[in-house]
Each structure stands twice: as structure tokens, then as C-alpha cells.
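File shown: target_36.csv (CSV, N, CA and C atoms).
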```
chain,number,residue,atom,x,y,z
B,1,MET,N,-6.2,-5.1,-8.4
B,1,MET,CA,-6.9,-5.3,-7.2
B,1,MET,C,-7.9,-6.4,-7.4
B,2,ILE,N,-8.0,-7.3,-6.4
B,2,ILE,CA,-9.0,-8.3,-6.4
B,2,ILE,C,-10.4,-7.7,-6.2
B,3,PRO,N,-11.4,-8.2,-6.9
B,3,PRO,CA,-12.7,-7.5,-6.9
B,3,PRO,C,-13.2,-7.3,-5.5
B,4,GLN,N,-12.9,-6.2,-4.9
B,4,GLN,CA,-13.3,-5.8,-3.6
B,4,GLN,C,-13.3,-6.9,-2.6
B,5,HIS,N,-12.2,-7.5,-2.4
B,5,HIS,CA,-11.8,-8.6,-1.6
B,5,HIS,C,-12.7,-8.7,-0.3
B,6,LYS,N,-13.9,-8.9,-0.5
B,6,LYS,CA,-14.9,-9.1,0.7
B,6,LYS,C,-14.5,-8.1,1.8
B,7,ILE,N,-14.6,-6.9,1.6
B,7,ILE,CA,-14.4,-5.9,2.7
B,7,ILE,C,-15.5,-6.1,3.7
B,8,PRO,N,-15.1,-6.3,5.0
B,8,PRO,CA,-16.1,-6.4,6.0
B,8,PRO,C,-17.0,-5.3,6.1
B,9,ILE,N,-18.2,-5.5,6.6
B,9,ILE,CA,-19.3,-4.5,6.7
B,9,ILE,C,-19.1,-3.6,7.8
B,10,THR,N,-18.7,-4.1,9.0
B,10,THR,CA,-18.7,-3.3,10.2
B,10,THR,C,-17.3,-2.6,10.4
B,11,PRO,N,-17.3,-1.4,11.0
B,11,PRO,CA,-16.0,-0.8,11.3
B,11,PRO,C,-15.1,-1.7,12.1
B,12,GLU,N,-15.7,-2.4,13.1
B,12,GLU,CA,-14.9,-3.2,14.0
B,12,GLU,C,-14.2,-4.3,13.2
B,13,ALA,N,-14.9,-4.9,12.3
B,13,ALA,CA,-14.3,-6.0,11.5
B,13,ALA,C,-13.2,-5.5,10.5
B,14,ARG,N,-13.5,-4.3,10.0
B,14,ARG,CA,-12.5,-3.6,9.1
B,14,ARG,C,-11.2,-3.3,9.9
B,15,GLU,N,-11.4,-2.8,11.1
B,15,GLU,CA,-10.2,-2.6,12.0
B,15,GLU,C,-9.4,-3.8,12.3
B,16,LYS,N,-10.1,-4.9,12.5
B,16,LYS,CA,-9.5,-6.2,12.8
B,16,LYS,C,-8.7,-6.7,11.5
B,17,LEU,N,-9.3,-6.5,10.4
B,17,LEU,CA,-8.6,-6.9,9.1
B,17,LEU,C,-7.4,-6.1,8.9
B,18,VAL,N,-7.4,-4.7,9.1
B,18,VAL,CA,-6.3,-3.9,8.9
B,18,VAL,C,-5.2,-4.3,9.9
B,19,ASN,N,-5.5,-4.5,11.1
B,19,ASN,CA,-4.5,-4.9,12.1
B,19,ASN,C,-3.9,-6.2,11.8
B,20,SER,N,-4.7,-7.1,11.3
B,20,SER,CA,-4.2,-8.5,10.9
B,20,SER,C,-3.2,-8.4,9.8
B,21,LEU,N,-3.3,-7.4,9.0
B,21,LEU,CA,-2.3,-7.3,7.8
B,21,LEU,C,-1.0,-6.6,8.2
B,22,GLN,N,-1.0,-6.0,9.4
B,22,GLN,CA,0.2,-5.3,9.9
B,22,GLN,C,1.4,-6.2,10.1
B,23,THR,N,2.5,-5.8,9.7
B,23,THR,CA,3.7,-6.7,9.9
B,23,THR,C,4.2,-6.6,11.4
B,24,SER,N,5.2,-7.4,11.7
B,24,SER,CA,5.7,-7.4,13.1
B,24,SER,C,6.4,-6.1,13.4
B,25,LYS,N,6.8,-5.4,12.3
B,25,LYS,CA,7.5,-4.1,12.5
B,25,LYS,C,6.5,-2.9,12.6
B,26,GLY,N,5.2,-3.2,12.4
B,26,GLY,CA,4.2,-2.2,12.6
B,26,GLY,C,3.8,-1.5,11.3
B,27,GLY,N,4.3,-2.0,10.2
B,27,GLY,CA,3.9,-1.4,8.9
B,27,GLY,C,3.0,-2.4,8.1
B,28,TRP,N,2.8,-2.1,6.8
B,28,TRP,CA,2.0,-2.9,6.0
B,28,TRP,C,2.7,-3.2,4.7
B,29,THR,N,2.5,-4.3,4.0
B,29,THR,CA,3.1,-4.5,2.7
B,29,THR,C,2.2,-3.9,1.6
B,30,ARG,N,2.8,-3.5,0.6
B,30,ARG,CA,2.1,-3.0,-0.6
B,30,ARG,C,1.1,-4.1,-1.1
B,31,LYS,N,1.6,-5.3,-1.2
B,31,LYS,CA,0.8,-6.4,-1.7
B,31,LYS,C,-0.5,-6.6,-0.9
B,32,ASP,N,-0.3,-6.6,0.4
B,32,ASP,CA,-1.5,-6.9,1.3
B,32,ASP,C,-2.5,-5.7,1.2
B,33,LEU,N,-2.0,-4.5,1.1
B,33,LEU,CA,-2.9,-3.4,1.0
B,33,LEU,C,-3.6,-3.3,-0.3
B,34,GLU,N,-2.9,-3.7,-1.4
B,34,GLU,CA,-3.5,-3.7,-2.7
B,34,GLU,C,-4.7,-4.6,-2.7
B,35,ILE,N,-4.6,-5.7,-2.0
B,35,ILE,CA,-5.7,-6.7,-2.0
B,35,ILE,C,-7.0,-6.1,-1.5
B,36,ILE,N,-6.9,-5.2,-0.5
B,36,ILE,CA,-8.1,-4.5,0.1
B,36,ILE,C,-8.4,-3.2,-0.6
B,37,GLY,N,-7.6,-2.8,-1.6
B,37,GLY,CA,-7.9,-1.6,-2.4
B,37,GLY,C,-7.3,-0.3,-1.8
B,38,VAL,N,-6.2,-0.4,-1.1
B,38,VAL,CA,-5.5,0.7,-0.5
B,38,VAL,C,-4.3,1.0,-1.4
B,39,ASP,N,-4.2,2.3,-1.9
B,39,ASP,CA,-3.1,2.7,-2.8
B,39,ASP,C,-1.8,2.8,-2.1
B,40,TRP,N,-0.7,2.7,-2.9
B,40,TRP,CA,0.6,2.9,-2.4
B,40,TRP,C,1.2,4.1,-3.2
B,41,PRO,N,1.9,5.0,-2.6
B,41,PRO,CA,2.2,5.2,-1.1
B,41,PRO,C,0.9,5.5,-0.4
B,42,LEU,N,0.9,5.1,0.9
B,42,LEU,CA,-0.3,5.3,1.7
B,42,LEU,C,-0.6,6.8,1.9
B,43,PRO,N,-1.8,7.2,1.5
B,43,PRO,CA,-2.2,8.5,1.7
B,43,PRO,C,-2.5,8.8,3.2
B,44,ASN,N,-2.3,10.0,3.6
B,44,ASN,CA,-2.5,10.4,5.0
B,44,ASN,C,-4.0,10.1,5.4
B,45,GLY,N,-4.2,9.5,6.5
B,45,GLY,CA,-5.6,9.2,7.0
B,45,GLY,C,-6.2,8.0,6.4
B,46,TRP,N,-5.5,7.2,5.6
B,46,TRP,CA,-6.1,6.0,5.0
B,46,TRP,C,-6.7,5.1,6.0
B,47,LYS,N,-6.0,4.8,7.0
B,47,LYS,CA,-6.4,3.7,8.0
B,47,LYS,C,-7.8,4.1,8.6
B,48,ALA,N,-7.8,5.3,9.2
B,48,ALA,CA,-9.1,5.7,9.9
B,48,ALA,C,-10.2,5.8,8.9
B,49,SER,N,-9.9,6.3,7.7
B,49,SER,CA,-11.0,6.4,6.6
B,49,SER,C,-11.4,5.0,6.2
B,50,PHE,N,-10.5,4.1,6.0
B,50,PHE,CA,-10.9,2.7,5.6
B,50,PHE,C,-11.7,2.1,6.6
B,51,ILE,N,-11.3,2.2,7.9
B,51,ILE,CA,-12.1,1.6,9.0
B,51,ILE,C,-13.5,2.1,9.1
B,52,LYS,N,-13.6,3.4,9.0
B,52,LYS,CA,-14.9,4.1,9.1
B,52,LYS,C,-15.8,3.9,7.9
B,53,TYR,N,-15.3,4.0,6.7
B,53,TYR,CA,-16.1,4.0,5.5
B,53,TYR,C,-16.0,2.8,4.6
B,54,GLY,N,-15.1,1.9,4.9
B,54,GLY,CA,-15.0,0.6,4.1
B,54,GLY,C,-14.6,0.9,2.6
B,55,GLU,N,-15.2,0.3,1.7
B,55,GLU,CA,-14.7,0.3,0.3
B,55,GLU,C,-14.8,1.7,-0.3
B,56,ASN,N,-15.6,2.6,0.3
B,56,ASN,CA,-15.7,4.0,-0.2
B,56,ASN,C,-14.7,5.0,0.5
B,57,TRP,N,-13.7,4.4,1.2
B,57,TRP,CA,-12.9,5.2,2.0
B,57,TRP,C,-12.2,6.4,1.3
B,58,LYS,N,-11.9,6.2,0.0
B,58,LYS,CA,-11.1,7.3,-0.7
B,58,LYS,C,-12.0,8.5,-0.9
B,59,ASN,N,-13.3,8.4,-0.8
B,59,ASN,CA,-14.1,9.6,-0.9
B,59,ASN,C,-14.1,10.5,0.3
B,60,PHE,N,-13.5,10.0,1.4
B,60,PHE,CA,-13.6,10.7,2.7
B,60,PHE,C,-12.2,11.2,3.2
B,61,LEU,N,-11.2,11.1,2.3
B,61,LEU,CA,-9.9,11.6,2.7
B,61,LEU,C,-9.8,13.1,2.8
```

Can I see the file as C-alpha cells?
Amino acid sequence: MIPQHKIPITPEAREKLVNSLQTSKGGWTRKDLEIIGVDWPLPNGWKASFIKYGENWKNFL
């Protein structure tokens, strides 16, 4: 993982980031998610938790 790839501070900005990484088929690539610190396979609730809590998202699953 890249050193906390400048995770945005606000939930709105994090949501925009996650949505920008989404592929045209509606999914995400492992490579893109690893850059922002999201594990593969995707744990249930990762997206909402990442958007709400940012880099500490894993503590709130």
C-alpha cells in the first residue's frame, strides 16, 4: 500500500474518490483499492465504512 495515498478528509470527497475508481461494469480493481488501503476480497460494508471513517474504516466494520 502506498503511504495512506492522501485519503480525503471529508466523507463527500471520499465518496467521490471511491466512485471515481469504479469500473464501467460497476466494480473496482484490486490494484485501485489497494492504493487507498482497501483489502481484497472486499469485506462487507467496506464502502460505507471507508466513506464515513476514512483511513480508520477497518475499525468500524

**Study point:** For atom N of Ser20 of chain B and atom N of Trp46 of chain B, the interatomic separation in Å (one decimal)
**Key:** 15.4 Å

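Listed by chain and then by rising number, the residues of segment 1-31 of chain B that DSSP assigns to alpha helix (DSSP H) from the backbone are Pro11, Glu12, Ala13, Arg14, Glu15, Lys16, Leu17, Val18, Asn19, Ser20, Leu21, Arg30 and Lys31 of chain B.
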
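Around segment 25-30 of chain B, within 9 Å and counting only C-alpha atoms, the residues found are B:Val18, B:Val38, B:Asp39, B:Trp40, B:Pro41, B:Leu42, once anything fewer than 6 positions away on its own chain is removed.
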
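Separating atom CA of Arg14 of chain B from atom CA of Lys52 of chain B is a distance of 8.1 Å.
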
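Minimum atom-to-atom distances from B:Ile51, B:Asp32, B:Ser24, B:Gly45 to Pro8 of chain B were compared using only C-alpha atoms, and the lowest value belongs to B:Ile51.
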
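Within 12 Å of the point (-15.4, 2.1, 1.5), and counting only C-alpha atoms, the protein, DNA and RNA residues are Gln4, His5, Lys6, Ile7, Pro8, Ile9, Thr10, Pro11, Arg14, Ile36, Gly37, Val38, Trp46, Lys47, Ala48, Ser49, Phe50, Ile51, Lys52, Tyr53, Gly54, Glu55, Asn56, Trp57, Lys58, Asn59, Phe60 and Leu61 of chain B.
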